[in-house]
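Structure data follow from structure.csv (CSV, C-alpha atoms):
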```csv
chain,number,residue,atom,x,y,z
A,251,MET,CA,129.7,77.8,11.6
A,252,ARG,CA,129.7,80.3,8.8
A,253,VAL,CA,126.5,82.1,9.9
A,254,VAL,CA,127.7,82.5,13.5
A,255,GLU,CA,131.0,84.0,12.2
A,256,ALA,CA,129.0,86.4,10.0
A,257,PHE,CA,126.7,87.4,13.0
A,258,ARG,CA,129.7,88.0,15.2
A,259,ALA,CA,131.4,90.2,12.5
A,260,ALA,CA,128.2,92.2,11.8
A,261,PHE,CA,126.9,92.7,15.4
A,262,GLY,CA,130.0,92.3,17.6
A,263,THR,CA,128.7,89.4,19.7
A,264,ASP,CA,127.6,85.8,19.4
A,265,PRO,CA,124.0,85.0,18.6
A,266,GLU,CA,121.9,83.7,21.4
A,267,THR,CA,120.5,80.8,19.3
A,268,VAL,CA,120.8,79.3,15.9
A,269,TRP,CA,118.0,77.4,14.1
A,270,ARG,CA,117.8,75.7,10.8
A,271,ALA,CA,114.7,74.9,8.8
A,272,PRO,CA,114.5,73.0,5.5
A,273,GLY,CA,112.9,73.7,2.2
A,274,ARG,CA,110.5,71.1,0.9
A,275,VAL,CA,109.5,69.2,-2.2
A,276,ASN,CA,105.9,68.0,-2.6
A,277,LEU,CA,105.7,64.3,-3.5
A,278,ILE,CA,102.0,64.8,-4.5
A,279,GLY,CA,99.1,67.1,-3.7
A,280,GLU,CA,99.6,70.3,-5.7
A,281,HIS,CA,97.3,73.3,-5.2
A,282,THR,CA,95.1,71.3,-2.8
A,283,ASP,CA,96.3,73.0,0.4
A,284,TYR,CA,94.4,76.3,0.0
A,285,ASN,CA,91.3,74.2,-1.0
A,286,ASP,CA,91.4,72.4,2.4
A,287,GLY,CA,92.6,69.2,0.8
A,288,PHE,CA,95.5,66.8,1.4
A,289,VAL,CA,99.2,67.1,0.7
A,290,LEU,CA,102.2,64.9,1.0
A,291,PRO,CA,105.5,66.9,1.1
A,292,PHE,CA,108.9,66.0,2.5
A,293,ALA,CA,111.7,68.2,3.7
A,294,VAL,CA,114.8,68.5,1.5
A,295,PRO,CA,118.4,68.6,2.7
A,296,TRP,CA,118.7,72.3,1.8
A,297,GLY,CA,117.4,75.0,4.0
A,298,VAL,CA,117.9,78.3,5.8
A,299,THR,CA,119.9,78.8,9.0
A,300,ALA,CA,119.1,81.8,11.2
A,301,ALA,CA,121.4,83.1,13.9
A,302,VAL,CA,119.3,85.4,16.2
A,303,SER,CA,119.6,87.6,19.3
A,304,PRO,CA,116.8,89.7,20.7
A,305,ARG,CA,117.1,93.5,21.1
A,306,PRO,CA,115.6,95.7,23.8
A,307,ASP,CA,114.4,98.3,21.3
A,308,GLN,CA,112.3,98.1,18.1
A,309,THR,CA,115.3,98.1,15.8
A,310,ILE,CA,115.7,95.1,13.4
A,311,ARG,CA,119.1,94.4,11.9
A,312,LEU,CA,119.3,91.8,9.2
A,313,LEU,CA,122.2,90.2,7.3
A,314,SER,CA,121.9,87.6,4.6
A,315,LEU,CA,125.0,85.8,3.4
A,316,GLN,CA,123.3,85.5,0.1
A,317,GLY,CA,122.6,89.2,0.0
A,318,SER,CA,124.2,91.9,-2.2
A,319,THR,CA,126.0,93.6,0.7
A,320,THR,CA,128.1,92.4,3.6
A,321,GLU,CA,126.7,95.2,5.8
A,322,PRO,CA,123.5,94.5,7.8
A,323,ILE,CA,120.3,96.2,6.8
A,324,THR,CA,118.9,98.3,9.7
A,325,LEU,CA,115.2,98.9,10.0
A,326,ALA,CA,113.8,101.3,12.6
A,327,THR,CA,110.2,100.0,12.0
A,328,ARG,CA,108.8,96.9,10.6
A,329,GLU,CA,107.0,98.9,7.8
A,330,GLU,CA,110.4,99.7,6.3
A,331,ALA,CA,111.0,96.1,5.2
A,332,THR,CA,111.4,95.5,1.4
A,333,GLY,CA,112.5,92.6,-0.7
A,334,TRP,CA,113.8,89.5,1.0
A,335,THR,CA,113.7,91.2,4.4
A,336,ARG,CA,109.9,91.1,4.4
A,337,TYR,CA,109.9,87.4,5.1
A,338,ALA,CA,111.9,87.7,8.3
A,339,VAL,CA,110.3,91.0,9.4
A,340,GLY,CA,106.8,89.5,8.6
A,341,VAL,CA,107.4,86.9,11.3
A,342,LEU,CA,108.1,89.7,13.9
A,343,ALA,CA,105.1,91.6,12.7
A,344,MET,CA,102.8,88.6,13.3
A,345,LEU,CA,104.2,88.2,16.8
A,346,GLY,CA,103.2,91.8,17.5
A,347,ASP,CA,104.0,93.1,21.0
A,348,ARG,CA,105.3,89.7,22.2
A,349,VAL,CA,108.7,90.6,20.7
A,350,ARG,CA,110.6,93.8,20.1
A,351,GLY,CA,113.6,94.1,17.8
A,352,ALA,CA,116.2,91.5,16.8
A,353,ASP,CA,119.6,91.0,15.2
A,354,ILE,CA,119.3,88.3,12.6
A,355,ALA,CA,121.9,86.7,10.3
A,356,LEU,CA,120.7,84.3,7.6
A,357,ASP,CA,122.5,81.7,5.5
A,358,GLY,CA,120.7,79.6,3.0
A,359,ASP,CA,121.5,76.9,0.5
A,360,VAL,CA,118.0,76.2,-1.0
A,361,PRO,CA,118.4,76.5,-4.8
A,362,GLN,CA,116.8,79.7,-5.7
A,363,GLY,CA,113.9,79.7,-8.1
A,364,ALA,CA,113.6,75.9,-8.0
A,365,GLY,CA,110.2,75.9,-6.2
A,366,LEU,CA,111.7,74.3,-3.1
A,367,SER,CA,110.2,76.9,-0.8
A,368,SER,CA,113.2,78.9,0.5
A,369,SER,CA,110.7,81.5,1.8
A,370,ALA,CA,109.0,79.1,4.2
A,371,ALA,CA,112.5,77.9,5.3
A,372,LEU,CA,113.4,81.4,6.2
A,373,GLU,CA,110.2,82.2,8.0
A,374,VAL,CA,110.2,79.0,10.0
A,375,SER,CA,113.9,79.3,11.0
A,376,VAL,CA,113.3,82.8,12.3
A,377,ALA,CA,110.0,82.0,14.0
A,378,SER,CA,111.6,79.0,15.7
A,379,ALA,CA,114.4,81.0,17.0
A,380,LEU,CA,112.2,83.8,18.3
A,381,ASN,CA,109.9,81.2,19.9
A,382,GLU,CA,112.8,79.9,21.9
A,383,LEU,CA,114.3,83.3,22.8
A,384,HIS,CA,111.0,84.7,24.0
A,385,ASP,CA,109.7,81.5,25.6
A,386,LEU,CA,106.5,81.8,23.6
A,387,GLY,CA,105.6,78.1,23.9
A,388,LEU,CA,104.5,77.7,20.3
A,389,THR,CA,104.1,74.2,18.9
A,390,PRO,CA,105.6,73.4,15.5
A,391,MET,CA,102.2,73.7,13.8
A,392,GLU,CA,101.6,77.1,15.5
A,393,ILE,CA,105.0,78.2,14.2
A,394,ALA,CA,104.0,77.0,10.7
A,395,LEU,CA,100.7,78.9,10.9
A,396,LEU,CA,102.5,82.1,12.2
A,397,SER,CA,104.9,81.8,9.2
A,398,GLN,CA,102.1,81.3,6.8
A,399,ARG,CA,100.4,84.5,8.1
A,400,ALA,CA,103.6,86.4,7.7
A,401,GLU,CA,103.7,85.4,4.0
A,402,ASN,CA,100.0,86.0,3.5
A,403,ASP,CA,99.4,89.2,5.4
A,404,PHE,CA,102.9,90.9,5.3
A,405,VAL,CA,104.5,89.7,2.1
A,406,GLY,CA,101.2,89.5,0.2
A,407,MET,CA,101.6,85.9,-1.2
A,408,PRO,CA,98.4,83.9,-0.7
A,409,CYS,CA,100.1,80.6,-0.1
A,410,GLY,CA,98.5,77.7,1.8
A,411,ILE,CA,99.9,76.0,4.9
A,412,MET,CA,101.8,73.2,3.2
A,413,ASP,CA,105.3,74.8,2.8
A,414,GLN,CA,105.6,76.1,6.3
A,415,ALA,CA,104.1,72.9,7.8
A,416,ALA,CA,106.6,70.7,6.0
A,417,SER,CA,109.5,72.9,7.1
A,418,ALA,CA,108.4,72.9,10.7
A,419,LEU,CA,107.1,69.3,11.2
A,420,CYS,CA,108.8,66.9,8.8
A,421,GLU,CA,110.8,64.0,10.1
A,422,GLU,CA,113.9,62.5,8.5
A,423,GLY,CA,113.1,59.5,6.3
A,424,HIS,CA,109.4,60.4,6.2
A,425,ALA,CA,106.8,62.3,4.2
A,426,LEU,CA,104.2,64.4,5.9
A,427,PHE,CA,100.6,63.6,5.2
A,428,LEU,CA,98.7,66.7,6.1
A,429,ASP,CA,95.0,67.5,6.2
A,430,CYS,CA,95.0,71.2,5.4
A,431,ARG,CA,91.5,71.7,6.9
A,432,THR,CA,92.0,70.1,10.3
A,433,LEU,CA,95.8,70.5,10.3
A,434,GLY,CA,96.0,66.9,11.4
A,435,SER,CA,99.1,65.2,10.2
A,436,ARG,CA,101.1,62.0,10.4
A,437,SER,CA,104.5,60.9,9.3
A,438,ILE,CA,104.5,58.4,6.5
A,439,PRO,CA,107.7,56.3,6.1
A,440,LEU,CA,109.4,57.1,2.8
A,441,ASP,CA,112.4,54.7,2.8
A,442,LEU,CA,113.4,55.0,-0.8
A,443,ALA,CA,116.8,53.3,-0.4
A,444,ALA,CA,115.1,50.1,0.9
A,445,HIS,CA,113.5,49.9,-2.6
A,446,ASP,CA,116.6,51.0,-4.5
A,447,LEU,CA,114.8,54.2,-5.5
A,448,ARG,CA,115.7,57.9,-5.5
A,449,ILE,CA,113.7,61.1,-5.9
A,450,LEU,CA,115.5,63.1,-8.5
A,451,ILE,CA,114.6,66.8,-8.4
A,452,ILE,CA,115.0,68.4,-11.9
A,453,ASP,CA,115.5,72.1,-11.6
A,454,THR,CA,114.4,73.6,-14.9
A,455,GLN,CA,116.3,76.8,-14.0
A,456,VAL,CA,113.3,78.8,-15.1
A,457,HIS,CA,112.6,81.2,-12.3
A,458,HIS,CA,109.0,81.1,-11.1
A,459,GLU,CA,107.4,84.2,-9.6
A,460,HIS,CA,103.7,83.9,-9.0
A,461,ALA,CA,102.9,86.2,-6.0
A,462,GLY,CA,99.9,88.3,-7.0
A,463,GLY,CA,99.8,86.7,-10.5
A,464,GLU,CA,98.6,83.4,-11.9
A,465,TYR,CA,98.8,81.7,-8.5
A,466,ALA,CA,96.4,84.2,-7.0
A,467,LYS,CA,94.2,83.8,-10.0
A,468,ARG,CA,93.9,80.1,-9.6
A,469,ARG,CA,93.1,80.5,-5.9
A,470,ALA,CA,90.3,83.0,-6.8
A,471,GLU,CA,88.9,80.6,-9.4
A,472,CYS,CA,88.7,77.8,-6.8
A,473,GLU,CA,87.0,80.1,-4.3
A,474,SER,CA,84.5,81.2,-6.9
A,475,ALA,CA,83.8,77.7,-7.9
A,476,ALA,CA,83.2,76.7,-4.2
A,477,ARG,CA,80.7,79.5,-3.8
A,478,LYS,CA,78.8,78.4,-6.9
A,479,LEU,CA,78.7,74.8,-5.6
A,480,GLY,CA,77.6,75.9,-2.1
A,481,VAL,CA,80.5,74.4,-0.3
A,482,ASP,CA,83.1,75.9,2.1
A,483,ALA,CA,86.0,74.7,0.0
A,484,LEU,CA,86.6,72.3,-2.9
A,485,ARG,CA,87.6,69.7,-0.3
A,486,ASP,CA,83.8,69.3,0.3
A,487,VAL,CA,83.0,68.2,-3.3
A,488,THR,CA,81.8,64.6,-3.0
A,489,ASP,CA,79.9,64.3,-6.3
A,490,LEU,CA,82.5,65.4,-8.9
A,491,ALA,CA,80.4,64.6,-11.9
A,492,GLY,CA,77.5,66.6,-10.6
A,493,ALA,CA,79.8,69.5,-9.7
A,494,LEU,CA,81.3,69.6,-13.1
A,495,GLU,CA,77.8,69.8,-14.7
A,496,ARG,CA,77.2,73.0,-12.8
A,497,LEU,CA,80.5,74.7,-13.9
A,498,GLN,CA,82.0,76.0,-17.1
A,499,GLY,CA,85.3,77.0,-18.5
A,500,ASP,CA,88.3,77.4,-16.3
A,501,GLU,CA,86.5,76.9,-13.0
A,502,ARG,CA,85.3,73.5,-14.2
A,503,LYS,CA,88.9,72.5,-15.0
A,504,ARG,CA,90.2,73.7,-11.7
A,505,VAL,CA,87.7,71.7,-9.7
A,506,MET,CA,88.5,68.6,-11.7
A,507,HIS,CA,92.1,68.9,-10.8
A,508,VAL,CA,91.7,69.7,-7.1
A,509,VAL,CA,89.2,66.9,-6.3
A,510,THR,CA,91.1,64.2,-8.2
A,511,GLU,CA,94.5,65.4,-6.8
A,512,SER,CA,93.3,65.0,-3.2
A,513,HIS,CA,92.2,61.5,-4.1
A,514,ARG,CA,95.6,60.8,-5.6
A,515,VAL,CA,97.3,61.9,-2.3
A,516,GLU,CA,95.2,59.4,-0.3
A,517,ALA,CA,95.8,56.7,-2.8
A,518,LEU,CA,99.6,57.3,-2.7
A,519,VAL,CA,99.7,57.2,1.1
A,520,GLY,CA,97.9,53.9,1.0
A,521,MET,CA,100.4,52.5,-1.4
A,522,LEU,CA,103.3,53.7,0.8
A,523,ARG,CA,101.8,52.2,3.9
A,524,ALA,CA,101.3,48.9,2.0
A,525,GLY,CA,104.9,48.8,0.9
A,526,ALA,CA,104.1,49.5,-2.8
A,527,THR,CA,106.6,52.3,-3.1
A,528,ARG,CA,107.9,51.1,-6.5
A,529,GLU,CA,104.4,51.4,-7.9
A,530,ILE,CA,103.5,55.0,-7.1
A,531,GLY,CA,104.9,56.4,-10.4
A,532,ALA,CA,101.5,56.2,-12.2
A,533,LEU,CA,100.0,58.5,-9.7
A,534,LEU,CA,102.9,61.0,-10.2
A,535,ASN,CA,102.3,60.9,-14.0
A,536,ALA,CA,98.5,61.4,-13.5
A,537,SER,CA,99.2,64.4,-11.2
A,538,HIS,CA,101.3,66.1,-13.8
A,539,LEU,CA,98.8,65.6,-16.6
A,540,SER,CA,96.1,67.1,-14.4
A,541,LEU,CA,98.3,70.1,-13.5
A,542,ARG,CA,99.2,70.6,-17.1
A,543,ASP,CA,95.8,70.3,-18.7
A,544,GLN,CA,93.2,71.1,-15.9
A,545,TYR,CA,95.0,73.5,-13.6
A,546,GLU,CA,97.3,74.9,-16.4
A,547,VAL,CA,100.3,75.8,-14.2
A,548,SER,CA,102.9,73.8,-16.0
A,549,SER,CA,105.4,75.2,-18.5
A,550,PRO,CA,107.2,73.9,-21.7
A,551,GLU,CA,110.3,73.3,-19.6
A,552,LEU,CA,108.5,71.3,-17.0
A,553,ASP,CA,106.6,69.3,-19.6
A,554,VAL,CA,109.8,68.4,-21.4
A,555,ALA,CA,111.6,67.4,-18.2
A,556,VAL,CA,108.7,65.1,-17.2
A,557,GLU,CA,108.4,63.5,-20.6
A,558,ALA,CA,112.1,63.0,-21.0
A,559,ALA,CA,112.5,61.6,-17.5
A,560,VAL,CA,109.9,58.9,-18.1
A,561,ARG,CA,111.4,58.2,-21.5
A,562,GLY,CA,114.8,57.8,-19.8
A,563,GLY,CA,113.4,55.2,-17.5
A,564,ALA,CA,111.8,57.0,-14.5
A,565,ARG,CA,108.9,55.2,-12.9
A,566,GLY,CA,107.0,58.4,-12.8
A,567,ALA,CA,107.4,62.2,-12.8
A,568,ARG,CA,105.5,65.4,-12.2
A,569,MET,CA,106.0,69.1,-11.8
A,570,THR,CA,106.2,70.1,-8.2
A,571,GLY,CA,105.5,73.4,-6.5
A,572,GLY,CA,103.4,76.3,-7.6
A,573,GLY,CA,104.3,75.9,-11.3
A,574,PHE,CA,105.1,78.2,-14.2
A,575,GLY,CA,108.7,77.0,-13.9
A,576,GLY,CA,110.7,75.7,-10.9
A,577,SER,CA,111.2,72.0,-10.6
A,578,ALA,CA,109.9,68.6,-11.5
A,579,ILE,CA,110.5,65.4,-9.6
A,580,ALA,CA,111.1,61.9,-10.9
A,581,LEU,CA,110.9,58.5,-9.1
A,582,VAL,CA,114.0,56.7,-10.4
A,583,ASP,CA,115.6,53.3,-9.8
A,584,GLU,CA,119.1,53.8,-8.6
A,585,ASP,CA,120.6,52.1,-11.6
A,586,ARG,CA,118.6,54.4,-14.0
A,587,LEU,CA,119.7,57.8,-12.5
A,588,ASP,CA,122.3,58.4,-15.2
A,589,SER,CA,119.9,57.4,-18.0
A,590,VAL,CA,117.2,59.8,-16.7
A,591,ARG,CA,119.7,62.7,-16.3
A,592,GLU,CA,121.0,62.1,-19.8
A,593,SER,CA,117.6,61.9,-21.4
A,594,VAL,CA,116.4,65.2,-19.8
A,595,ALA,CA,119.7,67.0,-20.6
A,596,ALA,CA,119.5,65.9,-24.2
A,597,ALA,CA,116.0,67.1,-24.5
A,598,TYR,CA,117.0,70.5,-23.2
A,599,ALA,CA,120.0,70.6,-25.5
A,600,GLU,CA,117.9,69.9,-28.5
A,601,ARG,CA,115.9,73.0,-27.7
A,602,SER,CA,118.9,75.2,-26.9
A,603,TRP,CA,117.6,75.7,-23.4
A,604,THR,CA,119.7,76.4,-20.3
A,605,PRO,CA,120.9,73.0,-19.0
A,606,PRO,CA,118.7,71.7,-16.1
A,607,ARG,CA,120.2,71.1,-12.6
A,608,PHE,CA,119.7,67.7,-11.0
A,609,LEU,CA,119.3,67.3,-7.2
A,610,PRO,CA,118.9,63.9,-5.8
A,611,ALA,CA,116.9,64.3,-2.6
A,612,THR,CA,116.3,62.2,0.5
A,613,PRO,CA,113.6,63.1,3.1
A,614,ALA,CA,115.3,65.4,5.7
A,615,LYS,CA,114.6,66.6,9.2
A,616,GLY,CA,112.3,69.6,9.9
A,617,ALA,CA,113.2,72.7,11.9
A,618,HIS,CA,115.7,72.1,14.6
A,619,ARG,CA,118.1,74.0,16.9
A,620,LEU,CA,121.8,73.9,16.0
A,621,SER,CA,123.3,75.9,18.9
```
Target encoding structure tokens, full file:
Amino acid sequence: MRVVEAFRAAFGTDPETVWRAPGRVNLIGEHTDYNDGFVLPFAVPWGVTAAVSPRPDQTIRLLSLQGSTTEPITLATREEATGWTRYAVGVLAMLGDRVRGADIALDGDVPQGAGLSSSAALEVSVASALNELHDLGLTPMEIALLSQRAENDFVGMPCGIMDQAASALCEEGHALFLDCRTLGSRSIPLDLAAHDLRILIIDTQVHHEHAGGEYAKRRAECESAARKLGVDALRDVTDLAGALERLQGDERKRVMHVVTESHRVEALVGMLRAGATREIGALLNASHLSLRDQYEVSSPELDVAVEAAVRGGARGARMTGGGFGGSAIALVDEDRLDSVRESVAAAYAERSWTPPRFLPATPAKGAHRLS
């Protein structure tokens, strides 16, 4: 295993454990997680593998096979972490005195900038390894919550629980229906092959970076709207028409998206459970229009990808992830994959944009030990 060889070369011994955690793509339920709503992600085949050994001192040594140097980065304290090291060190910081230092080598194949949550994969892989090494007894959901806190409190990205929960809990061949308030979840069969379908991820190759920017602004708008409506979170809005009458401007639009998006998640779960997998495309289309027009987190590249995918024969398509770039997903019949790819590629070529990358995805396994 490449990461084990790199660990051995960097630290002079074999790692005590190796864990892998996947990235995720969200089938539907965007920007609902931090509003206590519902989400429906599934794990993708790409992820981050962490080879880890504990240390008796406070030193943290980190090596990334995707980093700019083949030499490990040595940190005497957790406060010295910068850049990508913050995601791993943040996990140790959240564990506090329960762990000391660690030697960590990382190898990832999540496409960068595609909105497939490589950061959650990194956090969950490291947290899972430390959980085993220190016999902490954390459940997969507790690992997800710990990883979320690392990103919120140490990295400074105000993300919800969805990405980390998907990375930690997902099952192969299933999507994860998650109630972001109660943290109750259940696996929903997503057997696309049985219906001659595929989920095609369309990576716009437009890098998205929303930590502390527009993402945080949207979250603040939702929180402000909830206060004005007298509810704990937008999850609690039951009279949408009445709520919209009390709001203006951007806050009004944000509430419209969040409330209707949670309804779309529940509707899509019902369709999957009823075996109507081929009919969910309309909900994907509606989600994208809401994200574009009400939540305003799409981009020209995402809009063109969605429109061209549907024009090429996709049953439905939507942007996925935080927005402002990243990826779209399309629900496509197996025999229309080439047509959809060609339609999107042609639309990009007409605009002289960087060609998109196409990644057919199947629901993969959540965090698991490799050795």
Using all atoms listed in the file, pick whichever of A:Ser593, A:Gln498, A:Thr324, A:Ser417 has the shortest atom-to-atom distance to Ala370 (chain A).
A:Ser417
Please build the interface table for region 304-383 of chain A against region 266-289 of chain A with a cut-off of 12 Å, listing for each qualifying residue the nearest atom pair and the distance in Å to one decimal; count all atoms listed in the file, order rows by chain and increasing number, and write it as CSV.
```
residue,atom,partner,partner_atom,distance
A:Pro304,CA,A:Glu266,CA,7.9
A:Arg305,CA,A:Glu266,CA,10.9
A:Ala352,CA,A:Glu266,CA,10.7
A:Asp353,CA,A:Glu266,CA,9.8
A:Ile354,CA,A:Val268,CA,9.7
A:Ala355,CA,A:Val268,CA,9.3
A:Leu356,CA,A:Arg270,CA,9.6
A:Asp357,CA,A:Arg270,CA,9.3
A:Gly358,CA,A:Arg270,CA,9.2
A:Asp359,CA,A:Gly273,CA,9.3
A:Val360,CA,A:Gly273,CA,6.5
A:Pro361,CA,A:Gly273,CA,9.3
A:Gln362,CA,A:Gly273,CA,10.7
A:Gly363,CA,A:Gly273,CA,12.0
A:Ala364,CA,A:Val275,CA,9.8
A:Gly365,CA,A:Val275,CA,7.8
A:Leu366,CA,A:Arg274,CA,5.3
A:Ser367,CA,A:Gly273,CA,5.2
A:Ser368,CA,A:Gly273,CA,5.5
A:Ser369,CA,A:Gly273,CA,8.1
A:Ala370,CA,A:Gly273,CA,7.0
A:Ala371,CA,A:Ala271,CA,5.1
A:Leu372,CA,A:Ala271,CA,7.1
A:Glu373,CA,A:Ala271,CA,8.6
A:Val374,CA,A:Ala271,CA,6.2
A:Ser375,CA,A:Ala271,CA,5.0
A:Val376,CA,A:Trp269,CA,7.4
A:Ala377,CA,A:Trp269,CA,9.2
A:Ser378,CA,A:Trp269,CA,6.8
A:Ala379,CA,A:Trp269,CA,5.9
A:Leu380,CA,A:Thr267,CA,8.9
A:Asn381,CA,A:Thr267,CA,10.6
A:Glu382,CA,A:Thr267,CA,8.2
A:Leu383,CA,A:Thr267,CA,7.5
```
Give me, please, the distance in Å between CA of Ala260 (chain A) and CA of Leu620 (chain A), quoted to one decimal.
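Taking CA of Ala260 (chain A) and CA of Leu620 (chain A), their separation equals 19.8 Å.
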Excluding same-chain residues fewer than 3 positions from region 523-531 of chain A, what lies within 12 Å of it counting all atoms listed in the file, as a PyMOL selection string?
chain A and resi 277-278+424-425+427+436-449+514-520+534-538+556+559-560+563-568+579-584
Output of the above residues as a PDB file, in the frame of the given file, restricted to C-alpha atoms:
```
ATOM      1  CA  LEU A 277     105.700  64.300  -3.500  1.00  0.00           C
ATOM      2  CA  ILE A 278     102.000  64.800  -4.500  1.00  0.00           C
ATOM      3  CA  HIS A 424     109.400  60.400   6.200  1.00  0.00           C
ATOM      4  CA  ALA A 425     106.800  62.300   4.200  1.00  0.00           C
ATOM      5  CA  PHE A 427     100.600  63.600   5.200  1.00  0.00           C
ATOM      6  CA  ARG A 436     101.100  62.000  10.400  1.00  0.00           C
ATOM      7  CA  SER A 437     104.500  60.900   9.300  1.00  0.00           C
ATOM      8  CA  ILE A 438     104.500  58.400   6.500  1.00  0.00           C
ATOM      9  CA  PRO A 439     107.700  56.300   6.100  1.00  0.00           C
ATOM     10  CA  LEU A 440     109.400  57.100   2.800  1.00  0.00           C
ATOM     11  CA  ASP A 441     112.400  54.700   2.800  1.00  0.00           C
ATOM     12  CA  LEU A 442     113.400  55.000  -0.800  1.00  0.00           C
ATOM     13  CA  ALA A 443     116.800  53.300  -0.400  1.00  0.00           C
ATOM     14  CA  ALA A 444     115.100  50.100   0.900  1.00  0.00           C
ATOM     15  CA  HIS A 445     113.500  49.900  -2.600  1.00  0.00           C
ATOM     16  CA  ASP A 446     116.600  51.000  -4.500  1.00  0.00           C
ATOM     17  CA  LEU A 447     114.800  54.200  -5.500  1.00  0.00           C
ATOM     18  CA  ARG A 448     115.700  57.900  -5.500  1.00  0.00           C
ATOM     19  CA  ILE A 449     113.700  61.100  -5.900  1.00  0.00           C
ATOM     20  CA  ARG A 514      95.600  60.800  -5.600  1.00  0.00           C
ATOM     21  CA  VAL A 515      97.300  61.900  -2.300  1.00  0.00           C
ATOM     22  CA  GLU A 516      95.200  59.400  -0.300  1.00  0.00           C
ATOM     23  CA  ALA A 517      95.800  56.700  -2.800  1.00  0.00           C
ATOM     24  CA  LEU A 518      99.600  57.300  -2.700  1.00  0.00           C
ATOM     25  CA  VAL A 519      99.700  57.200   1.100  1.00  0.00           C
ATOM     26  CA  GLY A 520      97.900  53.900   1.000  1.00  0.00           C
ATOM     27  CA  LEU A 534     102.900  61.000 -10.200  1.00  0.00           C
ATOM     28  CA  ASN A 535     102.300  60.900 -14.000  1.00  0.00           C
ATOM     29  CA  ALA A 536      98.500  61.400 -13.500  1.00  0.00           C
ATOM     30  CA  SER A 537      99.200  64.400 -11.200  1.00  0.00           C
ATOM     31  CA  HIS A 538     101.300  66.100 -13.800  1.00  0.00           C
ATOM     32  CA  VAL A 556     108.700  65.100 -17.200  1.00  0.00           C
ATOM     33  CA  ALA A 559     112.500  61.600 -17.500  1.00  0.00           C
ATOM     34  CA  VAL A 560     109.900  58.900 -18.100  1.00  0.00           C
ATOM     35  CA  GLY A 563     113.400  55.200 -17.500  1.00  0.00           C
ATOM     36  CA  ALA A 564     111.800  57.000 -14.500  1.00  0.00           C
ATOM     37  CA  ARG A 565     108.900  55.200 -12.900  1.00  0.00           C
ATOM     38  CA  GLY A 566     107.000  58.400 -12.800  1.00  0.00           C
ATOM     39  CA  ALA A 567     107.400  62.200 -12.800  1.00  0.00           C
ATOM     40  CA  ARG A 568     105.500  65.400 -12.200  1.00  0.00           C
ATOM     41  CA  ILE A 579     110.500  65.400  -9.600  1.00  0.00           C
ATOM     42  CA  ALA A 580     111.100  61.900 -10.900  1.00  0.00           C
ATOM     43  CA  LEU A 581     110.900  58.500  -9.100  1.00  0.00           C
ATOM     44  CA  VAL A 582     114.000  56.700 -10.400  1.00  0.00           C
ATOM     45  CA  ASP A 583     115.600  53.300  -9.800  1.00  0.00           C
ATOM     46  CA  GLU A 584     119.100  53.800  -8.600  1.00  0.00           C
TER      47      GLU A 584
END
```
Separation of CA of Leu395 (chain A) from CA of Ala415 (chain A), in Å and rounded to one decimal
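These two atoms are separated by 7.6 Å.
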Quick one: of A:Arg619, A:Arg348, A:Arg485, A:Arg258, who's nearest to Asp429 (chain A), counting all atoms listed in the file?
A:Arg485
Excluding same-chain residues fewer than 6 positions from Thr335 (chain A), what lies within 12 Å of it counting all atoms listed in the file, as a ChimeraX atom specification?
/A:310-314,316-317,322-325,328-329,341-343,354-356,369,372-373,376,400-401,404-405
How far is it from CA of Arg601 (chain A) to CA of Val456 (chain A), in Å with one decimal?
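Distance reported for this atom pair: 14.1 Å.
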Calculated over only C-alpha atoms, which of the candidates A:Asp347, A:Gly562, A:Gly480, A:Tyr337 has the smallest distance to Leu587 (chain A)?
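Among the listed residues, the smallest separation from Leu587 (chain A) belongs to A:Gly562.
The nearest approach to Pro265 (chain A) among the residues A:Thr389, A:Glu421, A:Tyr545, A:Ser621, with all atoms listed in the file taken into account, belongs to A:Ser621.
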Which is closer to Ser512 (chain A) than all the others in A:Ser397, A:Thr604, A:Thr488, A:Thr332, using all atoms listed in the file?
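When distances to Ser512 (chain A) are compared using all atoms listed in the file, the smallest one comes from A:Thr488.
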